[in-house]
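So this block is run.cif, mmCIF, N, CA, C and O atoms:
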```cif
data_my_file
#
loop_
_atom_site.label_atom_id
_atom_site.label_comp_id
_atom_site.auth_asym_id
_atom_site.auth_seq_id
_atom_site.Cartn_x
_atom_site.Cartn_y
_atom_site.Cartn_z
N MET Y 1 -14.34 7.86 18.70
CA MET Y 1 -15.18 8.92 19.21
C MET Y 1 -15.73 8.50 20.56
O MET Y 1 -16.11 7.36 20.77
N ASP Y 2 -15.78 9.42 21.47
CA ASP Y 2 -16.30 9.19 22.81
C ASP Y 2 -17.79 8.84 22.73
O ASP Y 2 -18.54 9.43 21.95
N LYS Y 3 -18.23 7.88 23.55
CA LYS Y 3 -19.62 7.43 23.51
C LYS Y 3 -20.61 8.56 23.77
O LYS Y 3 -21.76 8.50 23.33
N ALA Y 4 -20.19 9.60 24.45
CA ALA Y 4 -21.08 10.74 24.72
C ALA Y 4 -21.48 11.44 23.42
O ALA Y 4 -22.49 12.14 23.37
N HIS Y 5 -20.70 11.24 22.36
CA HIS Y 5 -20.98 11.90 21.09
C HIS Y 5 -21.67 10.99 20.09
O HIS Y 5 -21.92 11.40 18.96
N TRP Y 6 -21.98 9.76 20.48
CA TRP Y 6 -22.68 8.84 19.60
C TRP Y 6 -24.11 9.32 19.39
O TRP Y 6 -24.72 9.93 20.27
N GLY Y 7 -24.66 9.06 18.24
CA GLY Y 7 -26.06 9.37 17.98
C GLY Y 7 -26.34 10.81 17.64
O GLY Y 7 -27.51 11.21 17.56
N LEU Y 8 -25.32 11.61 17.43
CA LEU Y 8 -25.51 13.03 17.12
C LEU Y 8 -25.49 13.31 15.62
O LEU Y 8 -25.65 14.45 15.21
N GLY Y 9 -25.28 12.28 14.82
CA GLY Y 9 -25.28 12.47 13.37
C GLY Y 9 -23.94 12.80 12.77
O GLY Y 9 -23.85 13.09 11.57
N VAL Y 10 -22.88 12.74 13.56
CA VAL Y 10 -21.54 13.07 13.05
C VAL Y 10 -21.11 12.05 11.99
O VAL Y 10 -20.64 12.41 10.91
N GLY Y 11 -21.30 10.76 12.28
CA GLY Y 11 -20.92 9.71 11.33
C GLY Y 11 -21.69 9.83 10.03
O GLY Y 11 -21.13 9.69 8.95
N ARG Y 12 -22.98 10.11 10.13
CA ARG Y 12 -23.81 10.27 8.93
C ARG Y 12 -23.34 11.47 8.11
O ARG Y 12 -23.19 11.39 6.88
N ALA Y 13 -23.07 12.59 8.77
CA ALA Y 13 -22.62 13.79 8.06
C ALA Y 13 -21.29 13.53 7.35
O ALA Y 13 -21.12 13.93 6.19
N LEU Y 14 -20.37 12.87 8.02
CA LEU Y 14 -19.07 12.57 7.41
C LEU Y 14 -19.22 11.60 6.24
O LEU Y 14 -18.59 11.78 5.19
N THR Y 15 -20.05 10.59 6.41
CA THR Y 15 -20.27 9.60 5.35
C THR Y 15 -20.89 10.27 4.13
O THR Y 15 -20.45 10.06 2.99
N GLU Y 16 -21.92 11.08 4.35
CA GLU Y 16 -22.58 11.76 3.23
C GLU Y 16 -21.63 12.75 2.54
O GLU Y 16 -21.65 12.88 1.31
N ALA Y 17 -20.78 13.41 3.31
CA ALA Y 17 -19.81 14.34 2.71
C ALA Y 17 -18.80 13.59 1.86
O ALA Y 17 -18.45 14.04 0.76
N CYS Y 18 -18.37 12.42 2.31
CA CYS Y 18 -17.43 11.60 1.52
C CYS Y 18 -18.08 11.13 0.22
O CYS Y 18 -17.44 11.13 -0.84
N ILE Y 19 -19.35 10.75 0.30
CA ILE Y 19 -20.06 10.31 -0.90
C ILE Y 19 -20.16 11.46 -1.90
O ILE Y 19 -19.91 11.29 -3.10
N GLU Y 20 -20.51 12.64 -1.42
CA GLU Y 20 -20.63 13.79 -2.32
C GLU Y 20 -19.28 14.18 -2.93
O GLU Y 20 -19.20 14.54 -4.10
N CYS Y 21 -18.22 14.10 -2.15
CA CYS Y 21 -16.88 14.39 -2.69
C CYS Y 21 -16.51 13.39 -3.77
O CYS Y 21 -15.92 13.76 -4.80
N ALA Y 22 -16.83 12.12 -3.55
CA ALA Y 22 -16.53 11.09 -4.54
C ALA Y 22 -17.32 11.34 -5.83
O ALA Y 22 -16.77 11.22 -6.93
N ARG Y 23 -18.59 11.70 -5.70
CA ARG Y 23 -19.40 12.03 -6.89
C ARG Y 23 -18.78 13.20 -7.65
O ARG Y 23 -18.64 13.16 -8.87
N ALA Y 24 -18.43 14.25 -6.91
CA ALA Y 24 -17.86 15.45 -7.54
C ALA Y 24 -16.54 15.14 -8.24
O ALA Y 24 -16.20 15.77 -9.24
N ALA Y 25 -15.81 14.17 -7.73
CA ALA Y 25 -14.52 13.80 -8.31
C ALA Y 25 -14.67 12.83 -9.47
O ALA Y 25 -13.68 12.47 -10.10
N GLY Y 26 -15.89 12.40 -9.74
CA GLY Y 26 -16.12 11.52 -10.88
C GLY Y 26 -16.06 10.03 -10.59
O GLY Y 26 -16.05 9.22 -11.51
N TYR Y 27 -16.01 9.65 -9.33
CA TYR Y 27 -16.03 8.22 -9.00
C TYR Y 27 -17.37 7.62 -9.40
O TYR Y 27 -18.40 8.30 -9.36
N VAL Y 28 -17.36 6.35 -9.76
CA VAL Y 28 -18.60 5.67 -10.13
C VAL Y 28 -19.03 4.64 -9.10
O VAL Y 28 -20.16 4.16 -9.12
N GLN Y 29 -18.15 4.32 -8.16
CA GLN Y 29 -18.48 3.34 -7.13
C GLN Y 29 -17.60 3.53 -5.91
O GLN Y 29 -16.41 3.85 -6.03
N LEU Y 30 -18.18 3.35 -4.74
CA LEU Y 30 -17.43 3.34 -3.48
C LEU Y 30 -17.56 1.95 -2.87
O LEU Y 30 -18.61 1.31 -3.00
N GLU Y 31 -16.52 1.49 -2.20
CA GLU Y 31 -16.54 0.21 -1.52
C GLU Y 31 -16.02 0.38 -0.10
O GLU Y 31 -15.19 1.24 0.16
N LEU Y 32 -16.54 -0.45 0.80
CA LEU Y 32 -16.06 -0.43 2.18
C LEU Y 32 -16.22 -1.81 2.79
O LEU Y 32 -16.88 -2.67 2.23
N GLN Y 33 -15.57 -1.98 3.93
CA GLN Y 33 -15.70 -3.19 4.72
C GLN Y 33 -16.01 -2.78 6.15
O GLN Y 33 -15.45 -1.80 6.65
N ALA Y 34 -16.89 -3.52 6.79
CA ALA Y 34 -17.24 -3.24 8.19
C ALA Y 34 -17.33 -4.55 8.95
O ALA Y 34 -17.75 -5.58 8.39
N VAL Y 35 -16.95 -4.53 10.20
CA VAL Y 35 -17.05 -5.72 11.04
C VAL Y 35 -18.54 -6.07 11.21
O VAL Y 35 -19.36 -5.19 11.51
N ALA Y 36 -18.89 -7.32 10.98
CA ALA Y 36 -20.28 -7.76 10.99
C ALA Y 36 -20.98 -7.47 12.32
O ALA Y 36 -22.19 -7.22 12.35
N GLU Y 37 -20.25 -7.49 13.41
CA GLU Y 37 -20.86 -7.23 14.72
C GLU Y 37 -21.19 -5.76 14.94
O GLU Y 37 -21.91 -5.42 15.87
N ASN Y 38 -20.68 -4.87 14.10
CA ASN Y 38 -20.91 -3.44 14.25
C ASN Y 38 -22.24 -3.07 13.57
O ASN Y 38 -22.28 -2.49 12.50
N LYS Y 39 -23.33 -3.41 14.24
CA LYS Y 39 -24.67 -3.22 13.67
C LYS Y 39 -24.97 -1.76 13.38
O LYS Y 39 -25.64 -1.45 12.39
N ALA Y 40 -24.50 -0.85 14.20
CA ALA Y 40 -24.77 0.57 13.99
C ALA Y 40 -24.12 1.05 12.69
O ALA Y 40 -24.74 1.78 11.91
N ALA Y 41 -22.88 0.65 12.46
CA ALA Y 41 -22.19 1.05 11.22
C ALA Y 41 -22.89 0.47 10.01
O ALA Y 41 -23.12 1.18 9.02
N LEU Y 42 -23.25 -0.80 10.07
CA LEU Y 42 -23.92 -1.43 8.93
C LEU Y 42 -25.25 -0.74 8.64
O LEU Y 42 -25.59 -0.51 7.47
N ALA Y 43 -26.00 -0.39 9.68
CA ALA Y 43 -27.27 0.31 9.49
C ALA Y 43 -27.05 1.67 8.83
O ALA Y 43 -27.80 2.07 7.94
N LEU Y 44 -26.02 2.39 9.27
CA LEU Y 44 -25.70 3.69 8.67
C LEU Y 44 -25.38 3.52 7.19
O LEU Y 44 -25.93 4.23 6.34
N TYR Y 45 -24.49 2.60 6.87
CA TYR Y 45 -24.08 2.42 5.49
C TYR Y 45 -25.26 2.02 4.60
O TYR Y 45 -25.41 2.53 3.50
N ARG Y 46 -26.11 1.13 5.11
CA ARG Y 46 -27.29 0.75 4.33
C ARG Y 46 -28.23 1.94 4.13
O ARG Y 46 -28.80 2.12 3.05
N SER Y 47 -28.36 2.77 5.15
CA SER Y 47 -29.29 3.90 5.07
C SER Y 47 -28.86 4.96 4.06
O SER Y 47 -29.70 5.72 3.58
N VAL Y 48 -27.56 5.01 3.73
CA VAL Y 48 -27.10 5.97 2.73
C VAL Y 48 -26.92 5.32 1.36
O VAL Y 48 -26.44 5.95 0.43
N GLY Y 49 -27.32 4.05 1.24
CA GLY Y 49 -27.35 3.41 -0.06
C GLY Y 49 -26.36 2.29 -0.32
O GLY Y 49 -26.39 1.68 -1.39
N PHE Y 50 -25.47 2.00 0.60
CA PHE Y 50 -24.53 0.90 0.40
C PHE Y 50 -25.29 -0.43 0.44
O PHE Y 50 -26.24 -0.58 1.21
N ALA Y 51 -24.85 -1.38 -0.37
CA ALA Y 51 -25.44 -2.72 -0.40
C ALA Y 51 -24.35 -3.75 -0.16
O ALA Y 51 -23.23 -3.62 -0.66
N GLU Y 52 -24.71 -4.78 0.59
CA GLU Y 52 -23.77 -5.87 0.85
C GLU Y 52 -23.58 -6.70 -0.41
O GLU Y 52 -24.54 -7.01 -1.10
N TYR Y 53 -22.33 -7.06 -0.69
CA TYR Y 53 -22.07 -7.93 -1.83
C TYR Y 53 -21.23 -9.15 -1.46
O TYR Y 53 -20.92 -9.98 -2.31
N GLY Y 54 -20.89 -9.28 -0.20
CA GLY Y 54 -20.13 -10.46 0.21
C GLY Y 54 -19.69 -10.36 1.66
O GLY Y 54 -19.88 -9.34 2.32
N ARG Y 55 -19.08 -11.45 2.12
CA ARG Y 55 -18.57 -11.50 3.49
C ARG Y 55 -17.25 -12.25 3.50
O ARG Y 55 -17.03 -13.16 2.72
N ASN Y 56 -16.40 -11.84 4.40
CA ASN Y 56 -15.12 -12.52 4.62
C ASN Y 56 -15.12 -12.99 6.07
O ASN Y 56 -15.00 -12.18 6.99
N PRO Y 57 -15.29 -14.30 6.30
CA PRO Y 57 -15.43 -14.80 7.67
C PRO Y 57 -14.21 -14.57 8.56
O PRO Y 57 -14.35 -14.52 9.77
N LYS Y 58 -13.05 -14.44 7.98
CA LYS Y 58 -11.84 -14.17 8.76
C LYS Y 58 -11.16 -12.93 8.20
O LYS Y 58 -9.98 -12.91 7.91
N GLY Y 59 -11.92 -11.86 8.10
CA GLY Y 59 -11.42 -10.65 7.47
C GLY Y 59 -10.64 -9.74 8.38
O GLY Y 59 -9.86 -8.90 7.93
N PHE Y 60 -10.83 -9.88 9.69
CA PHE Y 60 -10.16 -9.00 10.63
C PHE Y 60 -9.85 -9.79 11.89
O PHE Y 60 -10.70 -10.51 12.41
N ARG Y 61 -8.63 -9.64 12.37
CA ARG Y 61 -8.25 -10.33 13.61
C ARG Y 61 -8.02 -9.31 14.70
O ARG Y 61 -7.09 -8.51 14.65
N SER Y 62 -8.87 -9.36 15.69
CA SER Y 62 -8.77 -8.48 16.85
C SER Y 62 -7.87 -9.13 17.90
O SER Y 62 -7.94 -10.34 18.11
N ARG Y 63 -7.08 -8.32 18.57
CA ARG Y 63 -6.22 -8.86 19.64
C ARG Y 63 -7.04 -9.37 20.80
O ARG Y 63 -6.61 -10.26 21.52
N THR Y 64 -8.24 -8.83 21.00
CA THR Y 64 -9.03 -9.21 22.17
C THR Y 64 -10.11 -10.24 21.88
O THR Y 64 -10.44 -11.03 22.76
N THR Y 65 -10.65 -10.28 20.66
CA THR Y 65 -11.75 -11.20 20.38
C THR Y 65 -11.46 -12.21 19.29
O THR Y 65 -12.30 -13.03 18.97
N GLY Y 66 -10.28 -12.15 18.69
CA GLY Y 66 -9.93 -13.11 17.64
C GLY Y 66 -10.49 -12.70 16.29
O GLY Y 66 -10.71 -11.52 16.03
N TRP Y 67 -10.75 -13.70 15.45
CA TRP Y 67 -11.21 -13.43 14.09
C TRP Y 67 -12.62 -12.87 14.08
O TRP Y 67 -13.48 -13.33 14.83
N GLN Y 68 -12.83 -11.89 13.21
CA GLN Y 68 -14.16 -11.30 13.05
C GLN Y 68 -14.53 -11.28 11.57
O GLN Y 68 -13.67 -11.10 10.70
N GLU Y 69 -15.80 -11.46 11.32
CA GLU Y 69 -16.31 -11.44 9.96
C GLU Y 69 -16.43 -10.00 9.45
O GLU Y 69 -16.87 -9.12 10.18
N LEU Y 70 -16.02 -9.79 8.21
CA LEU Y 70 -16.18 -8.49 7.57
C LEU Y 70 -17.30 -8.56 6.55
O LEU Y 70 -17.44 -9.54 5.82
N VAL Y 71 -18.10 -7.50 6.51
CA VAL Y 71 -19.15 -7.35 5.51
C VAL Y 71 -18.60 -6.44 4.43
O VAL Y 71 -18.13 -5.34 4.73
N LEU Y 72 -18.64 -6.88 3.18
CA LEU Y 72 -18.18 -6.12 2.04
C LEU Y 72 -19.38 -5.38 1.45
O LEU Y 72 -20.41 -5.99 1.17
N MET Y 73 -19.24 -4.06 1.28
CA MET Y 73 -20.36 -3.27 0.80
C MET Y 73 -19.90 -2.33 -0.31
O MET Y 73 -18.74 -1.95 -0.36
N ARG Y 74 -20.84 -1.95 -1.19
CA ARG Y 74 -20.53 -1.01 -2.25
C ARG Y 74 -21.73 -0.11 -2.50
O ARG Y 74 -22.87 -0.46 -2.23
N LEU Y 75 -21.41 1.06 -3.05
CA LEU Y 75 -22.42 2.04 -3.42
C LEU Y 75 -22.11 2.50 -4.83
O LEU Y 75 -21.01 3.02 -5.09
N GLU Y 76 -23.04 2.25 -5.74
CA GLU Y 76 -22.86 2.74 -7.11
C GLU Y 76 -23.30 4.19 -7.14
O GLU Y 76 -24.39 4.54 -6.71
N LEU Y 77 -22.43 5.04 -7.66
CA LEU Y 77 -22.73 6.46 -7.73
C LEU Y 77 -23.31 6.75 -9.07
O LEU Y 77 -23.80 7.50 -9.57
#
```
Show how you would write the structure in this file as structure tokens.
Amino acid sequence: MDKAHWGLGVGRALTEACIECARAAGYVQLELQAVAENKAALALYRSVGFAEYGRNPKGFRSRTTGWQELVLMRLEL
């Protein structure tokens, strides 16, 4: 997404819609992984109820920055 569209609530709306779809479909838990340096994403996920349950120090390898830590998160529905 273009930076001009950051902070408008699009990510929150999409995340909340996915959570509601999962609930409606009968899921009991959602899981995700996010790059630890992505503070905005982590804050969003925590704000909608996701909790960290672990970390993978070499979970993602970027071509430009090398290995990045992944934060493992889950939301019990």
Identify the residues within 6 Å of coordinate (-23.2, 3.1, -0.8) (same frame as the file), considering only N, CA, C and O atoms, and give the answer as a list in words.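 It turns out the residues near that spot are Leu30, Tyr45, Val48, Gly49, Phe50, Ala51, Arg74, Leu75 and Glu76 of chain Y.
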Quick one: residues within 7 Å of stretch 56-61 of chain Y, only N, CA, C and O atoms counted, chain neighbours fewer than 4 positions away excluded, as a compact mmCIF listing (two decimals) with N, CA, C and O atoms, in the coordinates of the input?
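The file below, result.txt, is the result:
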```txt
# COMPACT_ATOMS: atom_id res chain seq x y z
N THR Y 65 -10.65 -10.28 20.66
CA THR Y 65 -11.75 -11.20 20.38
C THR Y 65 -11.46 -12.21 19.29
O THR Y 65 -12.30 -13.03 18.97
N GLY Y 66 -10.28 -12.15 18.69
CA GLY Y 66 -9.93 -13.11 17.64
C GLY Y 66 -10.49 -12.70 16.29
O GLY Y 66 -10.71 -11.52 16.03
N TRP Y 67 -10.75 -13.70 15.45
CA TRP Y 67 -11.21 -13.43 14.09
C TRP Y 67 -12.62 -12.87 14.08
O TRP Y 67 -13.48 -13.33 14.83
N GLN Y 68 -12.83 -11.89 13.21
CA GLN Y 68 -14.16 -11.30 13.05
C GLN Y 68 -14.53 -11.28 11.57
O GLN Y 68 -13.67 -11.10 10.70
N GLU Y 69 -15.80 -11.46 11.32
CA GLU Y 69 -16.31 -11.44 9.96
C GLU Y 69 -16.43 -10.00 9.45
O GLU Y 69 -16.87 -9.12 10.18
N LEU Y 70 -16.02 -9.79 8.21
CA LEU Y 70 -16.18 -8.49 7.57
C LEU Y 70 -17.30 -8.56 6.55
O LEU Y 70 -17.44 -9.54 5.82
N VAL Y 71 -18.10 -7.50 6.51
CA VAL Y 71 -19.15 -7.35 5.51
C VAL Y 71 -18.60 -6.44 4.43
O VAL Y 71 -18.13 -5.34 4.73
N LEU Y 72 -18.64 -6.88 3.18
CA LEU Y 72 -18.18 -6.12 2.04
C LEU Y 72 -19.38 -5.38 1.45
O LEU Y 72 -20.41 -5.99 1.17
```
Students should find that atom CA of Y:Gly54 and atom CA of Y:Met73 are spaced 7.2 Å
Output check: residues returned by the PyMOL selection byres (((chain Y and resi 15 and name CA) around 12) and name CA), as a list in words: Gly9, Val10, Gly11, Arg12, Ala13, Leu14, Glu16, Ala17, Cys18, Ile19, Glu20, Cys21, Ala22, Leu30, Leu32, Ala41, Leu44, Tyr45, Arg46, Ser47, Val48, Gly49, Phe50 and Leu75 of chain Y
Atomic separation - atom CA of Y:Glu52 relative to atom CA of Y:Trp6, Å: 23.9 Å
Give the strand (DSSP E) residues of chain Y, as assigned by DSSP on the backbone, as a PyMOL selection string. chain Y and resi 29-35+51-62+66-76
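Here atom O of Y:Gln29 and atom O of Y:Tyr53 stand 15.0 Å from one another.
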Working from the structure I just supplied, which lacks atoms in stretch 42-53 of chain Y, can you model all heavy atoms there and output them as a CSV table (one decimal), in the frame of the given file?
```csv
chain,number,residue,atom,x,y,z
Y,42,LEU,N,-23.2,-0.8,10.1
Y,42,LEU,CA,-23.9,-1.4,8.9
Y,42,LEU,C,-25.2,-0.7,8.6
Y,42,LEU,O,-25.6,-0.5,7.5
Y,42,LEU,CB,-24.1,-2.9,9.2
Y,42,LEU,CG,-22.9,-3.8,9.3
Y,42,LEU,CD1,-23.2,-5.2,9.7
Y,42,LEU,CD2,-22.1,-3.7,8.0
Y,43,ALA,N,-26.0,-0.4,9.7
Y,43,ALA,CA,-27.3,0.3,9.5
Y,43,ALA,C,-27.0,1.7,8.8
Y,43,ALA,O,-27.8,2.1,7.9
Y,43,ALA,CB,-28.0,0.5,10.8
Y,44,LEU,N,-26.0,2.4,9.3
Y,44,LEU,CA,-25.7,3.7,8.7
Y,44,LEU,C,-25.4,3.5,7.2
Y,44,LEU,O,-25.9,4.2,6.3
Y,44,LEU,CB,-24.5,4.4,9.4
Y,44,LEU,CG,-23.9,5.6,8.7
Y,44,LEU,CD1,-24.9,6.7,8.6
Y,44,LEU,CD2,-22.7,6.0,9.4
Y,45,TYR,N,-24.5,2.6,6.9
Y,45,TYR,CA,-24.1,2.4,5.5
Y,45,TYR,C,-25.3,2.0,4.6
Y,45,TYR,O,-25.4,2.5,3.5
Y,45,TYR,CB,-22.9,1.4,5.4
Y,45,TYR,CG,-21.7,1.8,6.1
Y,45,TYR,CD1,-21.0,0.9,6.9
Y,45,TYR,CD2,-21.3,3.1,6.2
Y,45,TYR,CE1,-19.8,1.2,7.6
Y,45,TYR,CE2,-20.2,3.5,6.9
Y,45,TYR,CZ,-19.4,2.6,7.6
Y,45,TYR,OH,-18.3,2.9,8.3
Y,46,ARG,N,-26.1,1.1,5.1
Y,46,ARG,CA,-27.3,0.8,4.3
Y,46,ARG,C,-28.2,1.9,4.1
Y,46,ARG,O,-28.8,2.1,3.0
Y,46,ARG,CB,-28.0,-0.4,5.0
Y,46,ARG,CG,-27.3,-1.7,4.9
Y,46,ARG,CD,-28.1,-2.9,5.5
Y,46,ARG,NE,-27.4,-4.1,5.3
Y,46,ARG,CZ,-26.8,-4.8,6.3
Y,46,ARG,NH1,-26.9,-4.4,7.5
Y,46,ARG,NH2,-26.1,-5.9,6.0
Y,47,SER,N,-28.4,2.8,5.2
Y,47,SER,CA,-29.3,3.9,5.1
Y,47,SER,C,-28.9,5.0,4.1
Y,47,SER,O,-29.7,5.7,3.6
Y,47,SER,CB,-29.5,4.5,6.4
Y,47,SER,OG,-28.4,5.3,6.8
Y,48,VAL,N,-27.6,5.0,3.7
Y,48,VAL,CA,-27.1,6.0,2.7
Y,48,VAL,C,-26.9,5.3,1.4
Y,48,VAL,O,-26.4,6.0,0.4
Y,48,VAL,CB,-25.8,6.7,3.2
Y,48,VAL,CG1,-26.1,7.6,4.4
Y,48,VAL,CG2,-24.7,5.8,3.3
Y,49,GLY,N,-27.3,4.0,1.2
Y,49,GLY,CA,-27.4,3.4,-0.1
Y,49,GLY,C,-26.4,2.3,-0.3
Y,49,GLY,O,-26.4,1.7,-1.4
Y,50,PHE,N,-25.5,2.0,0.6
Y,50,PHE,CA,-24.5,0.9,0.4
Y,50,PHE,C,-25.3,-0.4,0.4
Y,50,PHE,O,-26.2,-0.6,1.2
Y,50,PHE,CB,-23.4,0.9,1.5
Y,50,PHE,CG,-22.3,1.9,1.2
Y,50,PHE,CD1,-22.4,3.2,1.7
Y,50,PHE,CD2,-21.2,1.5,0.6
Y,50,PHE,CE1,-21.4,4.1,1.4
Y,50,PHE,CE2,-20.1,2.4,0.3
Y,50,PHE,CZ,-20.3,3.7,0.8
Y,51,ALA,N,-24.8,-1.4,-0.4
Y,51,ALA,CA,-25.4,-2.7,-0.4
Y,51,ALA,C,-24.4,-3.8,-0.2
Y,51,ALA,O,-23.2,-3.6,-0.7
Y,51,ALA,CB,-26.1,-3.0,-1.7
Y,52,GLU,N,-24.7,-4.8,0.6
Y,52,GLU,CA,-23.8,-5.9,0.8
Y,52,GLU,C,-23.6,-6.7,-0.4
Y,52,GLU,O,-24.5,-7.0,-1.1
Y,52,GLU,CB,-24.3,-6.7,2.0
Y,52,GLU,CG,-23.4,-7.9,2.3
Y,52,GLU,CD,-24.0,-8.7,3.5
Y,52,GLU,OE1,-24.7,-8.2,4.3
Y,52,GLU,OE2,-23.6,-9.9,3.5
Y,53,TYR,N,-22.3,-7.1,-0.7
Y,53,TYR,CA,-22.1,-7.9,-1.8
Y,53,TYR,C,-21.2,-9.2,-1.5
Y,53,TYR,O,-20.9,-10.0,-2.3
Y,53,TYR,CB,-21.4,-7.2,-3.0
Y,53,TYR,CG,-20.0,-6.7,-2.8
Y,53,TYR,CD1,-18.9,-7.6,-3.2
Y,53,TYR,CD2,-19.7,-5.5,-2.2
Y,53,TYR,CE1,-17.6,-7.2,-3.0
Y,53,TYR,CE2,-18.4,-5.1,-2.1
Y,53,TYR,CZ,-17.4,-5.9,-2.5
Y,53,TYR,OH,-16.1,-5.5,-2.3
```
